[in-house]
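So the structure is just underneath, and the comments pick up after that.
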Amino acid sequence: MLAMTDAAAEAISALTAQQGGDDAAGLRFAVQSQEEEGAQLALSMAPAPEDGDQVLGTEAGAKVFLEPQAAAFLDDKVLDVQQDDQGQLNFAVMPQPQQEPPVQA
């Protein structure tokens with residue numbers, strides 16, 4: 001399942017508040033086109049999830065809606081937000097850190 005950093009959750013909450021969204025609003029990922037190496041994702045603000053969307057939420061109230069194909073593609077990823085040189089915030093999707101298997105004694 002897609003994980004979300006605290007910074008990404010704060011950015012999503014701020015965006016939905018700026019858009020005048022209510023508690024049901026969130027950030028929606030959908031697959032725009034699929035290639036062999038991955039997928040081109042479309043990112044948009046949505047007033048509510050669409051039928052079939054997977055809904056991720058945080059205690060802070062940030063919501064992410066994943067269209068079924070996007071959910072499959074993002075299953076092992078982390079959503080983060082990074083600031084560029086001009087101060088603009090950009091969402092970034094990165095691989096989740098690999099968990100070390102427990103050492104058997």
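Lettering and numbering for the structure tokens are positional, with chains as A, B, ... in the shown order, residues counted from 1 in each chain, and ligands counted from 1 in the shown order.
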As a short mmCIF file (atom, residue, chain, number, x, y, z; two decimals) with all heavy atoms, in the first residue's frame, please: the residues near region 67-81 of chain A (cut-off 8 Å, only C-alpha atoms, same-chain neighbours under 2 positions excluded).
```cif
data_model
loop_
_atom_site.label_atom_id
_atom_site.label_comp_id
_atom_site.auth_asym_id
_atom_site.auth_seq_id
_atom_site.Cartn_x
_atom_site.Cartn_y
_atom_site.Cartn_z
N MET A 1 0.84 -1.19 0.00
CA MET A 1 0.00 0.00 0.00
C MET A 1 0.89 1.25 0.00
O MET A 1 1.94 1.26 0.62
CB MET A 1 -0.90 -0.02 1.24
CG MET A 1 -1.79 1.20 1.32
SD MET A 1 -2.92 1.17 2.74
CE MET A 1 -4.08 -0.04 2.15
N LEU A 2 0.47 2.27 -0.71
CA LEU A 2 1.19 3.52 -0.77
C LEU A 2 1.35 4.09 0.63
O LEU A 2 0.39 4.16 1.39
CB LEU A 2 0.44 4.52 -1.66
CG LEU A 2 1.04 5.93 -1.77
CD1 LEU A 2 2.35 5.88 -2.57
CD2 LEU A 2 0.06 6.87 -2.41
N ALA A 3 2.57 4.48 0.98
CA ALA A 3 2.83 5.15 2.26
C ALA A 3 2.92 6.65 1.98
O ALA A 3 3.14 7.08 0.84
CB ALA A 3 4.12 4.63 2.86
N MET A 4 2.74 7.46 3.03
CA MET A 4 2.76 8.90 2.88
C MET A 4 3.62 9.51 3.98
O MET A 4 3.47 9.15 5.14
CB MET A 4 1.30 9.40 3.01
CG MET A 4 1.06 10.80 2.55
SD MET A 4 -0.67 11.35 2.76
CE MET A 4 -1.67 9.89 2.72
N THR A 5 4.54 10.41 3.61
CA THR A 5 5.34 11.08 4.63
C THR A 5 4.49 12.14 5.32
O THR A 5 3.46 12.57 4.79
CB THR A 5 6.59 11.75 4.01
OG1 THR A 5 6.16 12.80 3.14
CG2 THR A 5 7.47 10.74 3.27
N ALA A 7 5.32 15.20 5.69
CA ALA A 7 5.38 16.42 4.86
C ALA A 7 4.33 16.36 3.74
O ALA A 7 3.67 17.36 3.45
CB ALA A 7 6.78 16.59 4.28
N ALA A 8 4.18 15.20 3.12
CA ALA A 8 3.18 15.05 2.06
C ALA A 8 1.78 15.21 2.63
O ALA A 8 0.92 15.87 2.02
CB ALA A 8 3.32 13.69 1.37
N ALA A 11 1.10 18.87 3.17
CA ALA A 11 0.90 19.56 1.90
C ALA A 11 -0.49 19.27 1.34
O ALA A 11 -1.16 20.17 0.82
CB ALA A 11 1.98 19.16 0.90
N ARG A 28 -5.99 12.95 -5.88
CA ARG A 28 -6.33 11.71 -6.60
C ARG A 28 -5.26 11.37 -7.63
O ARG A 28 -4.83 12.22 -8.41
CB ARG A 28 -7.67 11.86 -7.31
CG ARG A 28 -8.13 10.56 -7.97
CD ARG A 28 -9.57 10.64 -8.45
NE ARG A 28 -10.05 9.31 -8.80
CZ ARG A 28 -9.95 8.79 -10.02
NH1 ARG A 28 -9.41 9.47 -11.00
NH2 ARG A 28 -10.41 7.57 -10.25
N PHE A 29 -4.83 10.12 -7.60
CA PHE A 29 -3.90 9.58 -8.58
C PHE A 29 -4.67 8.69 -9.54
O PHE A 29 -5.46 7.85 -9.11
CB PHE A 29 -2.84 8.70 -7.91
CG PHE A 29 -1.75 9.46 -7.22
CD1 PHE A 29 -1.87 9.79 -5.88
CD2 PHE A 29 -0.59 9.83 -7.89
CE1 PHE A 29 -0.86 10.48 -5.22
CE2 PHE A 29 0.41 10.52 -7.24
CZ PHE A 29 0.28 10.84 -5.91
N ALA A 30 -4.43 8.87 -10.84
CA ALA A 30 -5.01 8.00 -11.86
C ALA A 30 -3.92 7.72 -12.89
O ALA A 30 -3.05 8.56 -13.12
CB ALA A 30 -6.21 8.66 -12.52
N VAL A 31 -3.98 6.56 -13.53
CA VAL A 31 -3.02 6.23 -14.57
C VAL A 31 -3.46 6.93 -15.85
O VAL A 31 -4.57 6.75 -16.32
CB VAL A 31 -2.92 4.71 -14.78
CG1 VAL A 31 -2.07 4.38 -15.99
CG2 VAL A 31 -2.33 4.05 -13.54
N GLY A 38 6.80 1.55 -16.58
CA GLY A 38 5.99 2.09 -15.49
C GLY A 38 4.72 2.71 -16.03
O GLY A 38 4.18 2.26 -17.02
N ALA A 39 4.30 3.77 -15.38
CA ALA A 39 3.06 4.43 -15.78
C ALA A 39 3.20 5.93 -15.64
O ALA A 39 3.93 6.42 -14.79
CB ALA A 39 1.90 3.94 -14.91
N LEU A 41 1.35 9.07 -14.43
CA LEU A 41 0.24 9.30 -13.52
C LEU A 41 -0.31 10.71 -13.66
O LEU A 41 0.44 11.66 -13.88
CB LEU A 41 0.70 9.10 -12.07
CG LEU A 41 1.15 7.69 -11.71
CD1 LEU A 41 1.74 7.66 -10.31
CD2 LEU A 41 0.00 6.72 -11.82
N GLU A 50 -13.77 8.55 -6.40
CA GLU A 50 -14.67 8.00 -7.41
C GLU A 50 -14.93 6.54 -7.09
O GLU A 50 -14.20 5.93 -6.30
CB GLU A 50 -14.06 8.15 -8.80
CG GLU A 50 -13.93 9.61 -9.22
CD GLU A 50 -13.47 9.79 -10.65
OE1 GLU A 50 -13.49 8.82 -11.42
OE2 GLU A 50 -13.08 10.93 -10.97
N GLY A 52 -14.71 2.79 -6.87
CA GLY A 52 -13.59 1.89 -7.08
C GLY A 52 -12.26 2.41 -6.56
O GLY A 52 -11.29 1.68 -6.50
N ASP A 53 -12.19 3.69 -6.20
CA ASP A 53 -10.94 4.26 -5.69
C ASP A 53 -10.59 3.66 -4.34
O ASP A 53 -11.47 3.42 -3.50
CB ASP A 53 -11.05 5.78 -5.52
CG ASP A 53 -10.89 6.54 -6.82
OD1 ASP A 53 -10.68 5.91 -7.87
OD2 ASP A 53 -10.97 7.79 -6.77
N GLN A 54 -9.29 3.45 -4.13
CA GLN A 54 -8.78 3.09 -2.81
C GLN A 54 -8.54 4.40 -2.07
O GLN A 54 -7.98 5.35 -2.65
CB GLN A 54 -7.47 2.31 -3.00
CG GLN A 54 -6.95 1.66 -1.75
CD GLN A 54 -5.69 0.87 -2.05
OE1 GLN A 54 -4.60 1.34 -1.78
NE2 GLN A 54 -5.84 -0.31 -2.62
N PHE A 65 -6.75 9.52 -2.96
CA PHE A 65 -7.62 8.59 -3.67
C PHE A 65 -6.80 7.94 -4.78
O PHE A 65 -6.16 8.64 -5.56
CB PHE A 65 -8.83 9.31 -4.26
CG PHE A 65 -9.54 10.22 -3.29
CD1 PHE A 65 -9.91 11.50 -3.66
CD2 PHE A 65 -9.83 9.80 -2.00
CE1 PHE A 65 -10.57 12.35 -2.78
CE2 PHE A 65 -10.49 10.63 -1.10
CZ PHE A 65 -10.85 11.91 -1.49
N GLN A 83 10.64 20.63 -2.09
CA GLN A 83 10.61 22.02 -2.53
C GLN A 83 11.70 22.23 -3.57
O GLN A 83 12.84 21.81 -3.38
CB GLN A 83 10.83 22.93 -1.32
CG GLN A 83 10.44 24.36 -1.57
CD GLN A 83 10.39 25.16 -0.28
OE1 GLN A 83 10.90 24.74 0.74
NE2 GLN A 83 9.76 26.30 -0.32
N LEU A 89 6.30 23.53 -4.21
CA LEU A 89 6.24 22.17 -3.68
C LEU A 89 5.87 21.21 -4.80
O LEU A 89 4.96 21.47 -5.57
CB LEU A 89 5.22 22.08 -2.55
CG LEU A 89 5.56 22.85 -1.28
CD1 LEU A 89 4.45 22.71 -0.26
CD2 LEU A 89 6.88 22.39 -0.70
N ASN A 90 6.59 20.10 -4.87
CA ASN A 90 6.33 19.07 -5.88
C ASN A 90 6.18 17.74 -5.19
O ASN A 90 7.01 17.38 -4.34
CB ASN A 90 7.50 19.00 -6.88
CG ASN A 90 7.65 20.27 -7.66
OD1 ASN A 90 6.75 20.67 -8.39
ND2 ASN A 90 8.77 20.94 -7.51
N PHE A 91 5.14 17.00 -5.57
CA PHE A 91 4.97 15.65 -5.02
C PHE A 91 5.93 14.71 -5.72
O PHE A 91 6.15 14.81 -6.92
CB PHE A 91 3.52 15.17 -5.17
CG PHE A 91 2.59 15.87 -4.23
CD1 PHE A 91 1.81 16.93 -4.66
CD2 PHE A 91 2.50 15.48 -2.90
CE1 PHE A 91 0.95 17.58 -3.79
CE2 PHE A 91 1.66 16.13 -2.02
CZ PHE A 91 0.89 17.18 -2.47
N ALA A 92 6.50 13.80 -4.96
CA ALA A 92 7.44 12.81 -5.50
C ALA A 92 7.01 11.43 -5.01
O ALA A 92 6.62 11.26 -3.86
CB ALA A 92 8.85 13.11 -5.04
N VAL A 93 7.09 10.46 -5.91
CA VAL A 93 6.77 9.08 -5.57
C VAL A 93 8.09 8.30 -5.62
O VAL A 93 8.77 8.31 -6.64
CB VAL A 93 5.75 8.48 -6.55
CG1 VAL A 93 5.51 7.01 -6.25
CG2 VAL A 93 4.44 9.26 -6.49
N MET A 94 8.45 7.70 -4.51
CA MET A 94 9.72 7.00 -4.40
C MET A 94 9.50 5.57 -3.92
O MET A 94 8.48 5.28 -3.29
CB MET A 94 10.62 7.73 -3.41
CG MET A 94 10.87 9.18 -3.80
SD MET A 94 11.70 10.12 -2.53
CE MET A 94 10.54 10.05 -1.18
N PRO A 95 10.47 4.67 -4.19
CA PRO A 95 10.34 3.31 -3.67
C PRO A 95 10.39 3.32 -2.14
O PRO A 95 11.07 4.15 -1.54
CB PRO A 95 11.58 2.58 -4.22
CG PRO A 95 12.10 3.46 -5.31
CD PRO A 95 11.65 4.86 -5.01
N GLN A 96 9.63 2.41 -1.53
CA GLN A 96 9.69 2.29 -0.08
C GLN A 96 11.03 1.68 0.30
O GLN A 96 11.56 0.83 -0.42
CB GLN A 96 8.57 1.38 0.44
CG GLN A 96 7.22 2.03 0.41
CD GLN A 96 6.14 1.18 1.07
OE1 GLN A 96 6.42 0.20 1.74
NE2 GLN A 96 4.90 1.56 0.86
#
```
May I have the residues within 7 Å of Ala48 (chain A) as a list in words, using only C-alpha atoms and disregarding those fewer than 3 positions away in the same chain?
Ala24, Ala25 and Gly26 of chain A
Check the DSSP output for the backbone and give back, as a ChimeraX atom specification, the residues of chain A in helix (DSSP H, G or I).
/A:6-18,68-73
Neighbouring residues of Ala62 (chain A) were defined as those with any atom within 8 Å, considering only C-alpha atoms; residues of the same chain fewer than 2 positions away were excluded. Please report them as an mmCIF file with N, CA, C and O atoms, in the first residue's frame.
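This is the output file part_17.cif:
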```cif
data_model
loop_
_atom_site.group_PDB
_atom_site.id
_atom_site.type_symbol
_atom_site.label_atom_id
_atom_site.label_comp_id
_atom_site.auth_asym_id
_atom_site.auth_seq_id
_atom_site.Cartn_x
_atom_site.Cartn_y
_atom_site.Cartn_z
ATOM 1 N N ALA A 9 1.519 14.638 3.794
ATOM 2 C CA ALA A 9 0.200 14.756 4.415
ATOM 3 C C ALA A 9 -0.122 16.219 4.725
ATOM 4 O O ALA A 9 -1.248 16.681 4.473
ATOM 5 N N GLU A 10 0.857 16.963 5.229
ATOM 6 C CA GLU A 10 0.641 18.387 5.523
ATOM 7 C C GLU A 10 0.356 19.168 4.243
ATOM 8 O O GLU A 10 -0.523 20.032 4.214
ATOM 9 N N ILE A 12 -0.933 18.026 1.431
ATOM 10 C CA ILE A 12 -2.265 17.659 0.930
ATOM 11 C C ILE A 12 -3.340 18.378 1.737
ATOM 12 O O ILE A 12 -4.291 18.924 1.176
ATOM 13 N N SER A 13 -3.189 18.413 3.052
ATOM 14 C CA SER A 13 -4.159 19.117 3.900
ATOM 15 C C SER A 13 -4.215 20.595 3.538
ATOM 16 O O SER A 13 -5.301 21.185 3.441
ATOM 17 N N GLY A 26 -9.616 15.374 -1.445
ATOM 18 C CA GLY A 26 -8.278 14.815 -1.353
ATOM 19 C C GLY A 26 -7.538 14.892 -2.672
ATOM 20 O O GLY A 26 -8.017 15.460 -3.647
ATOM 21 N N GLY A 57 -5.954 7.637 4.217
ATOM 22 C CA GLY A 57 -6.129 8.828 5.033
ATOM 23 C C GLY A 57 -5.150 8.841 6.192
ATOM 24 O O GLY A 57 -4.601 7.805 6.566
ATOM 25 N N THR A 58 -4.902 10.022 6.732
ATOM 26 C CA THR A 58 -4.024 10.156 7.885
ATOM 27 C C THR A 58 -4.829 10.723 9.047
ATOM 28 O O THR A 58 -5.920 11.255 8.859
ATOM 29 N N GLU A 59 -4.253 10.638 10.232
ATOM 30 C CA GLU A 59 -4.919 11.212 11.408
ATOM 31 C C GLU A 59 -5.082 12.713 11.258
ATOM 32 O O GLU A 59 -6.005 13.304 11.801
ATOM 33 N N ALA A 60 -4.157 13.345 10.514
ATOM 34 C CA ALA A 60 -4.219 14.795 10.306
ATOM 35 C C ALA A 60 -5.321 15.187 9.328
ATOM 36 O O ALA A 60 -5.589 16.362 9.143
ATOM 37 N N VAL A 64 -5.850 10.641 0.204
ATOM 38 C CA VAL A 64 -5.362 10.323 -1.139
ATOM 39 C C VAL A 64 -6.305 9.281 -1.718
ATOM 40 O O VAL A 64 -6.632 8.297 -1.054
#
```
DSSP-assigned strand (DSSP E) members of chain A, reported as a ChimeraX atom specification
/A:3-4,26-34,39-46,54-57,63-66,77-83,89-95
Find the residues near Asp22 (chain A): any atom within 12 Å, counting only C-alpha atoms, skip ones fewer than 6 places away on the same chain, and give them as a count of residues only.
11
What gap, in Å, lies between CA of Val55 (chain A) and CA of Leu27 (chain A)?
9.9 Å
